[in-house]
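Chemist: Attaching a single structure in structure tokens format; questions to follow.
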Amino acid sequence: MGDQEVRALSGINLEIASGEYVSLMGPSGSGKTTLLNVLGLLDRPNSGRYELDGKDVTDLSEVEQARVRREKIGFVFQSFHLVPRLTAAENIELPLMLAGTALAERKARVDETLLSFDLLDRARHRPAELSGGQRQRVAIARATILRPTILLADEPTGNLDHRIGAEVMALLEGLHHAGATLILVTHDRELGARAHRRIAMRDGEIVADER
Amino acid sequence: MKLRDTLQLSFNTVTSYRTRSLLIILAMALGVAAVVVLTALGDGARRYVVGKFSSIGTNLIIVLPGRAETAGGFPGAVLAQTPRDLTLEDARFVGQLSQVKRYAPLNVGVVELAAAGRLREVTVLGSTADLLPIRHMNLAQGSFLAQGAEYSAQIVLGAKIAQEFFPHGNVIGQRVRLGDRRFLVSGVLAIQGESMGFNSDELVIIPIDHAQALFNTASLFRILVEARSRGDIESAKEAIRDTLKRRHDGEDDVTVITQDAVLATFDRILRALTLGVAGIAAISLAVAGILVMNVMLVAVSQRTSEIGLLKAIGAPSADIRLLFFAEALWLSLAGAALGFVLGQFGSLLIRLAYPQLPAWPPMWASLAGVTIAFVTGILASLLPAARAAQLDPVKALAGR
Ligand SMILES: Nc1ncnc2c1ncn2[C@@H]1O[C@H](COP(=O)(O)OP(=O)(O)OP(=O)(O)O)[C@@H](O)[C@H]1O
Ligand SMILES: [Mg+2]
């Protein structure tokens, strides 16, 4: 409220190895999303350092940060964040477009991705015409089409029922098995317990870190 | 992001928000169309007037008795001193100047015309054979006043007069009475309609000597002079003035008007008028620009979370700025194009409704309308595009 300073994160000292599967849990407002945003270079810490792939990325320029986000990081959100005007295929194509990939290659990559995410018959549909599970599949397809090394998922099943949520989790874990680092924020204990490393947060601090 | 993709993605956005886009495009288009149509009207009026003026002759100089301009003092001072008459002798001297190609002295009056059992008052022009080429008149039949035959009693009838008195044709060679004199019809003028207040269809033309006798005057109404070329007009004007001043005992008591000067004045006035209305119409384009700015600002706040997403998946600020910029570009382009077409169509309708008005939109106006639409649209998008690019990604994703 007002000018009162909020410490969304403090004293975080965290090292995540490439290829890990980490869950972040904690009560609402404990700083999980904020931490994820810092890891995803969407947010800058007021102090401290962040190294990604052995390189300090804290003070990169805006353009360089955008490039790192595009090439190394895939975001998956609770509310999908699909562009409503674009079809499923076009939403998935967006990162390729931003990367300036040639048209022919783009089409091939999108078709391949649609196939592997079982979305071929939904390619021409807009988000409003898709079910929640399908939307999240499109969002994950979009997050992974540039083969990022890190997947940041903020309550990816929060808006889905149990069965569909399990399907989406299987999809994410499959990507982890294929080599991606998966960092998952969840309120669901059962889901959180599946991760190989479980971090608990409270008031912006890490209070437990189990493997 | 490639330029082609930026353009395509923003085009997609424009077509998706159909109603919104159509409204902006329409506002732009009406502004452009207004510029095009109003300048077409203004320029049409200019061409109409200039055309009418040119049709009365080429390189024309008109000499009239009396001094119209006064060098200080009040006009009455000049009018009080009766100007010396302008005589046929004066006209002959003017005709001998090297810059003068031909000349026609002129007397005008209203006299009763009687023929074939009919009677009516007509306007009578007294002149010479050269009146025909100087005034760009055409004959429908017969011949005009014969050259050097000023004393023979010939008469040339206006088209309507001929029709009225001799409805069954067979006009040439007929006898008519004008006042108390008899004339032989030698020709009939082609239908010309009204031009500069003179309806040549309703007048008759007789040799100047007969006219002066008929009106009982030795003074000319005007001398019409045709200069050898456009370049000779000014020196001819000077020479005429000098000659007549010499002949009038050093008294500068004639007025010499050049058609060119009158034309230029009309041309200037009507051009200024056209520019004026174009300027007013251009203001509506500025209003359309403000509309574009408003709509783009709304678009930015509506699409905040989308902008956040684009940033999250790796779009640099520059790409986002370009996307909004391109969106405004498409809207302006469509508005300008539609406005251009509407403007041309509107001008066509005016030309169809008023065939005598050459309402062709001038090239510069169409270009200016389209350019202004473009520039205002793009200027109006600068602020919204910058605002979108500067959004904080975290806040934007949360829709704030
Ligand atoms: N824009 C902001 N301005 C001020 N404080 C903020 C802002 N965004 C988040 N916070 C604060 O930062 C802290 C951490 O928020 P964060 O969103 O990371 O929590 P979270 O663990 O993700 O919670 P949830 O489980 O509800 O998503 C909270 O105290 C929150 O109020
Ligand atoms: Mg959160």
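Numbering starts fresh at 1 for the residues of each chain in the structure tokens, the chains themselves are lettered A, B, ... in the order given, and ligands are numbered from 1 as they appear.
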Select the residues contacting ligand 1 at a distance of at most 7 Å, based on only C-alpha atoms and all ligand atoms, then format the selection as a PyMOL selection string.

Modeler: (chain A and resi 6-8+26-35+204) or (chain B and resi 395)

Chemist: At a cut-off of 7 Å, which residues of chain A touch chain B? Count only C-alpha atoms and give the answer as a list in words.

Modeler: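 Contact residues on the first chain: Leu42, Asp43, Glu62, Val63, Ala66, Arg67, Arg69, Arg70, His81, Val83, Arg85, Pro95, Met97, Leu98, Ala99 and Gly100 of chain A.
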
Chemist: Compare A:Gly192, A:Gly158, A:Gly11, A:Pro45 by their minimum atom-to-atom distance to ligand 2, counting only C-alpha atoms and all ligand atoms, and give me the closest one.

Modeler: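 For ligand 2, the nearest of the candidates is A:Gly158.
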
Chemist: Could you check how far atom CA of B:Ala278 sits from atom CA of B:Met293, in Å to one decimal?

Modeler: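 Rounded to one decimal, the two atoms are 22.9 Å apart.
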
Chemist: When you count only C-alpha atoms, which of these residues is closest to B:Thr87: B:Phe266, B:Phe374, B:Phe221, B:Phe166?

Modeler: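 Among B:Phe266, B:Phe374, B:Phe221, B:Phe166, it is B:Phe221 that comes nearest to B:Thr87.
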
Chemist: Rounded to one decimal place, report the atom CA of B:Ala299-atom CA of B:Leu331 distance in Å.

Modeler: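 The value is 13.2 Å.
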
Chemist: I want to know what sits within 8 Å of B:Ala236, based on only C-alpha atoms, with residues of the same chain fewer than 3 positions away left out; could you give that as a PDB file with N, CA, C and O atoms, in the first residue's frame?

Modeler:
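Saved the output as part_17.pdb:
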```pdb
ATOM      1  N   LEU B  97      -0.332  50.136 -85.059  1.00  0.00           N
ATOM      2  CA  LEU B  97       0.807  49.823 -84.188  1.00  0.00           C
ATOM      3  C   LEU B  97       1.363  48.443 -84.543  1.00  0.00           C
ATOM      4  O   LEU B  97       0.613  47.526 -84.894  1.00  0.00           O
ATOM      5  N   GLN B  99       2.605  46.137 -82.692  1.00  0.00           N
ATOM      6  CA  GLN B  99       2.280  45.026 -81.780  1.00  0.00           C
ATOM      7  C   GLN B  99       0.849  44.528 -81.969  1.00  0.00           C
ATOM      8  O   GLN B  99       0.448  43.538 -81.378  1.00  0.00           O
ATOM      9  N   VAL B 100       0.067  45.261 -82.763  1.00  0.00           N
ATOM     10  CA  VAL B 100      -1.356  44.932 -82.889  1.00  0.00           C
ATOM     11  C   VAL B 100      -1.597  44.066 -84.115  1.00  0.00           C
ATOM     12  O   VAL B 100      -1.185  44.392 -85.223  1.00  0.00           O
ATOM     13  N   ALA B 227      -3.421  41.579 -79.603  1.00  0.00           N
ATOM     14  CA  ALA B 227      -1.972  41.737 -79.731  1.00  0.00           C
ATOM     15  C   ALA B 227      -1.415  40.582 -80.556  1.00  0.00           C
ATOM     16  O   ALA B 227      -2.039  39.523 -80.662  1.00  0.00           O
ATOM     17  N   ASP B 232       3.564  40.354 -76.496  1.00  0.00           N
ATOM     18  CA  ASP B 232       3.394  41.721 -77.003  1.00  0.00           C
ATOM     19  C   ASP B 232       2.357  42.507 -76.208  1.00  0.00           C
ATOM     20  O   ASP B 232       2.217  43.712 -76.404  1.00  0.00           O
ATOM     21  N   ILE B 233       1.610  41.807 -75.334  1.00  0.00           N
ATOM     22  CA  ILE B 233       0.462  42.453 -74.694  1.00  0.00           C
ATOM     23  C   ILE B 233       0.867  43.706 -73.927  1.00  0.00           C
ATOM     24  O   ILE B 233       0.290  44.777 -74.103  1.00  0.00           O
ATOM     25  N   ALA B 239       1.942  51.164 -75.918  1.00  0.00           N
ATOM     26  CA  ALA B 239       1.921  51.867 -77.205  1.00  0.00           C
ATOM     27  C   ALA B 239       0.547  52.490 -77.456  1.00  0.00           C
ATOM     28  O   ALA B 239       0.439  53.627 -77.931  1.00  0.00           O
ATOM     29  N   ILE B 240      -0.510  51.735 -77.124  1.00  0.00           N
ATOM     30  CA  ILE B 240      -1.871  52.242 -77.328  1.00  0.00           C
ATOM     31  C   ILE B 240      -2.082  53.498 -76.485  1.00  0.00           C
ATOM     32  O   ILE B 240      -2.577  54.528 -76.951  1.00  0.00           O
TER      33      ILE B 240
END
```

Chemist: What is the atom CA of B:Arg67-atom CA of B:Ala261 distance in Å, reported with one decimal?

Modeler: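 That distance, rounded to one decimal, is 16.9 Å.
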
Chemist: Pick out each residue of stretch 43-176 of chain A that DSSP on the backbone tags as alpha helix (DSSP H); I need them as number ranges by chain.

Modeler: A: 62-72, 88-99, 103-116, 132-144, 162-176

Chemist: Excluding A:Leu41 and its own-chain neighbours fewer than 3 positions away, which residues fall within 8 Å of it when counting only C-alpha atoms? Please give them as a list in words.

Modeler: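 My list of contacting residues is Asn37, Val38, Arg44, Gln65 and Arg69 of chain A.
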
Chemist: Go ahead and save the picked residues with all heavy atoms, as a compact mmCIF listing (two decimals), in the first residue's frame.

Modeler:
```
# COMPACT_ATOMS: atom_id res chain seq x y z
N ASN A 37 9.78 -14.73 -12.24
CA ASN A 37 9.98 -13.60 -13.16
C ASN A 37 11.44 -13.17 -13.21
O ASN A 37 11.95 -12.79 -14.26
CB ASN A 37 9.11 -12.41 -12.74
CG ASN A 37 7.65 -12.66 -13.10
OD1 ASN A 37 7.35 -13.50 -13.94
ND2 ASN A 37 6.75 -11.94 -12.45
N VAL A 38 12.11 -13.24 -12.05
CA VAL A 38 13.53 -12.89 -12.04
C VAL A 38 14.32 -13.92 -12.84
O VAL A 38 15.17 -13.59 -13.66
CB VAL A 38 14.06 -12.79 -10.59
CG1 VAL A 38 15.58 -12.66 -10.59
CG2 VAL A 38 13.42 -11.61 -9.88
N ARG A 44 13.82 -7.43 -12.70
CA ARG A 44 15.21 -7.25 -12.30
C ARG A 44 15.26 -7.10 -10.79
O ARG A 44 14.51 -6.32 -10.24
CB ARG A 44 15.75 -5.95 -12.89
CG ARG A 44 16.65 -6.10 -14.08
CD ARG A 44 17.02 -4.69 -14.53
NE ARG A 44 16.85 -4.58 -15.96
CZ ARG A 44 17.87 -4.52 -16.81
NH1 ARG A 44 19.10 -4.53 -16.36
NH2 ARG A 44 17.66 -4.44 -18.09
N GLN A 65 18.35 -8.95 -23.17
CA GLN A 65 17.47 -9.74 -22.30
C GLN A 65 16.35 -10.38 -23.11
O GLN A 65 15.99 -11.54 -22.89
CB GLN A 65 16.86 -8.83 -21.23
CG GLN A 65 17.85 -8.50 -20.13
CD GLN A 65 17.15 -8.04 -18.86
OE1 GLN A 65 15.99 -7.64 -18.91
NE2 GLN A 65 17.84 -8.10 -17.75
N ARG A 69 15.51 -14.34 -23.33
CA ARG A 69 14.17 -14.88 -23.07
C ARG A 69 13.71 -15.73 -24.25
O ARG A 69 13.13 -16.80 -24.08
CB ARG A 69 13.17 -13.74 -22.87
CG ARG A 69 13.21 -13.10 -21.51
CD ARG A 69 11.88 -12.42 -21.20
NE ARG A 69 11.63 -11.26 -22.04
CZ ARG A 69 12.06 -10.03 -21.76
NH1 ARG A 69 12.74 -9.81 -20.66
NH2 ARG A 69 11.79 -9.03 -22.58
```

Chemist: I'd like to know which of A:Gln4, A:Ser79, A:Ser18, A:Thr87 is closest to ligand 2, using only C-alpha atoms and all ligand atoms.

Modeler: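 When distances to ligand 2 are compared using only C-alpha atoms and all ligand atoms, the smallest one comes from A:Ser79.
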
Chemist: Which residue out of A:Thr181, A:Ala195, A:Glu20, A:Thr144 has the minimum interatomic distance to A:Met169 when only C-alpha atoms are used?

Modeler: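 Result for the nearest residue to A:Met169: A:Ala195.
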
Chemist: Find, counting only C-alpha atoms and all ligand atoms, the residue in A:Ala178, A:Leu115, A:Met201, A:Ala139 that gets nearest to ligand 2.

Modeler: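 Of A:Ala178, A:Leu115, A:Met201, A:Ala139, the one nearest ligand 2, counting only C-alpha atoms and all ligand atoms, is A:Met201.
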
Chemist: Report as a ChimeraX atom specification all protein, DNA and RNA residues lying within 12 Å of B:Asp242, evaluated on only C-alpha atoms, omitting residues in the same chain fewer than 5 positions from it.

Modeler: /B:90,93-94,97,235-237,247-256

Chemist: For the residues selected in the previous step, produce a file with all heavy atoms as a compact mmCIF listing (two decimals), in the first residue's frame.

Modeler:
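Final output, saved to again.txt:
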```
# COMPACT_ATOMS: atom_id res chain seq x y z
N ASP B 90 -9.10 57.32 -83.99
CA ASP B 90 -8.26 56.77 -82.91
C ASP B 90 -8.03 55.29 -83.14
O ASP B 90 -6.91 54.79 -83.06
CB ASP B 90 -8.95 56.97 -81.55
CG ASP B 90 -8.92 58.42 -81.10
OD1 ASP B 90 -8.05 59.17 -81.59
OD2 ASP B 90 -9.76 58.79 -80.25
N PHE B 93 -5.54 54.47 -85.82
CA PHE B 93 -4.15 54.67 -85.38
C PHE B 93 -3.67 53.50 -84.52
O PHE B 93 -2.56 53.03 -84.66
CB PHE B 93 -4.02 56.00 -84.62
CG PHE B 93 -3.67 57.14 -85.52
CD1 PHE B 93 -4.66 57.83 -86.20
CD2 PHE B 93 -2.34 57.51 -85.70
CE1 PHE B 93 -4.35 58.87 -87.05
CE2 PHE B 93 -2.02 58.55 -86.55
CZ PHE B 93 -3.02 59.24 -87.24
N VAL B 94 -4.55 53.07 -83.64
CA VAL B 94 -4.20 51.92 -82.78
C VAL B 94 -3.92 50.71 -83.66
O VAL B 94 -2.95 49.97 -83.45
CB VAL B 94 -5.36 51.62 -81.79
CG1 VAL B 94 -5.17 50.25 -81.15
CG2 VAL B 94 -5.42 52.70 -80.72
N LEU B 97 -0.33 50.14 -85.06
CA LEU B 97 0.81 49.82 -84.19
C LEU B 97 1.36 48.44 -84.54
O LEU B 97 0.61 47.53 -84.89
CB LEU B 97 0.36 49.83 -82.71
CG LEU B 97 -0.02 51.21 -82.17
CD1 LEU B 97 -0.69 51.07 -80.82
CD2 LEU B 97 1.22 52.09 -82.06
N SER B 235 3.64 45.63 -74.11
CA SER B 235 4.15 46.75 -74.90
C SER B 235 3.04 47.33 -75.77
O SER B 235 3.00 48.54 -76.02
CB SER B 235 5.36 46.32 -75.73
OG SER B 235 4.95 45.57 -76.84
N ALA B 236 2.11 46.48 -76.21
CA ALA B 236 0.97 46.98 -77.00
C ALA B 236 0.15 47.94 -76.14
O ALA B 236 -0.27 49.01 -76.58
CB ALA B 236 0.11 45.82 -77.47
N LYS B 237 -0.04 47.54 -74.89
CA LYS B 237 -0.83 48.36 -73.97
C LYS B 237 -0.19 49.74 -73.82
O LYS B 237 -0.86 50.78 -73.91
CB LYS B 237 -0.87 47.64 -72.62
CG LYS B 237 -1.74 48.30 -71.59
CD LYS B 237 -1.77 47.47 -70.31
CE LYS B 237 -2.39 48.27 -69.19
NZ LYS B 237 -2.39 47.54 -67.93
N ARG B 247 -2.68 61.75 -79.44
CA ARG B 247 -3.81 62.20 -80.25
C ARG B 247 -4.80 63.05 -79.45
O ARG B 247 -5.58 63.80 -79.99
CB ARG B 247 -4.54 61.01 -80.86
CG ARG B 247 -3.78 60.39 -82.03
CD ARG B 247 -4.56 59.26 -82.67
NE ARG B 247 -5.95 59.63 -82.95
CZ ARG B 247 -6.34 60.38 -83.98
NH1 ARG B 247 -5.43 60.82 -84.82
NH2 ARG B 247 -7.61 60.69 -84.16
N HIS B 248 -4.78 62.86 -78.13
CA HIS B 248 -5.71 63.60 -77.28
C HIS B 248 -5.01 64.77 -76.58
O HIS B 248 -5.26 65.03 -75.40
CB HIS B 248 -6.37 62.67 -76.26
CG HIS B 248 -7.31 61.69 -76.89
ND1 HIS B 248 -8.10 60.82 -76.17
CD2 HIS B 248 -7.59 61.43 -78.18
CE1 HIS B 248 -8.81 60.06 -76.98
NE2 HIS B 248 -8.51 60.42 -78.23
N ASP B 249 -4.09 65.40 -77.27
CA ASP B 249 -3.39 66.58 -76.76
C ASP B 249 -2.72 66.33 -75.41
O ASP B 249 -2.84 67.13 -74.48
CB ASP B 249 -4.35 67.78 -76.62
CG ASP B 249 -5.08 68.05 -77.92
OD1 ASP B 249 -4.43 67.86 -78.99
OD2 ASP B 249 -6.27 68.41 -77.87
N GLY B 250 -2.05 65.18 -75.29
CA GLY B 250 -1.31 64.90 -74.06
C GLY B 250 -2.18 64.51 -72.89
O GLY B 250 -1.70 64.33 -71.78
N GLU B 251 -3.47 64.35 -73.15
CA GLU B 251 -4.38 63.98 -72.06
C GLU B 251 -4.48 62.44 -71.98
O GLU B 251 -4.83 61.81 -72.97
CB GLU B 251 -5.76 64.57 -72.36
CG GLU B 251 -6.61 64.79 -71.13
CD GLU B 251 -6.13 65.98 -70.32
OE1 GLU B 251 -6.21 67.12 -70.83
OE2 GLU B 251 -5.70 65.76 -69.19
N ASP B 252 -4.13 61.91 -70.81
CA ASP B 252 -4.18 60.44 -70.64
C ASP B 252 -5.60 60.06 -70.24
O ASP B 252 -5.88 59.81 -69.07
CB ASP B 252 -3.17 60.03 -69.56
CG ASP B 252 -2.88 58.54 -69.60
OD1 ASP B 252 -3.38 57.86 -70.52
OD2 ASP B 252 -2.17 58.06 -68.71
N ASP B 253 -6.53 60.02 -71.21
CA ASP B 253 -7.95 59.91 -70.84
C ASP B 253 -8.62 58.65 -71.37
O ASP B 253 -9.80 58.64 -71.66
CB ASP B 253 -8.71 61.15 -71.31
CG ASP B 253 -8.61 61.32 -72.83
OD1 ASP B 253 -7.91 60.49 -73.46
OD2 ASP B 253 -9.21 62.26 -73.36
N VAL B 254 -7.84 57.58 -71.53
CA VAL B 254 -8.47 56.30 -71.89
C VAL B 254 -8.05 55.24 -70.88
O VAL B 254 -7.05 55.39 -70.18
CB VAL B 254 -8.08 55.82 -73.30
CG1 VAL B 254 -8.57 56.77 -74.35
CG2 VAL B 254 -6.57 55.62 -73.38
N THR B 255 -8.86 54.21 -70.80
CA THR B 255 -8.52 53.08 -69.94
C THR B 255 -8.19 51.90 -70.84
O THR B 255 -8.95 51.60 -71.77
CB THR B 255 -9.69 52.71 -69.02
OG1 THR B 255 -10.01 53.86 -68.24
CG2 THR B 255 -9.33 51.57 -68.09
N VAL B 256 -7.06 51.25 -70.54
CA VAL B 256 -6.66 50.09 -71.35
C VAL B 256 -6.62 48.86 -70.42
O VAL B 256 -5.86 48.83 -69.46
CB VAL B 256 -5.28 50.31 -71.99
CG1 VAL B 256 -4.93 49.13 -72.89
CG2 VAL B 256 -5.27 51.61 -72.78
```
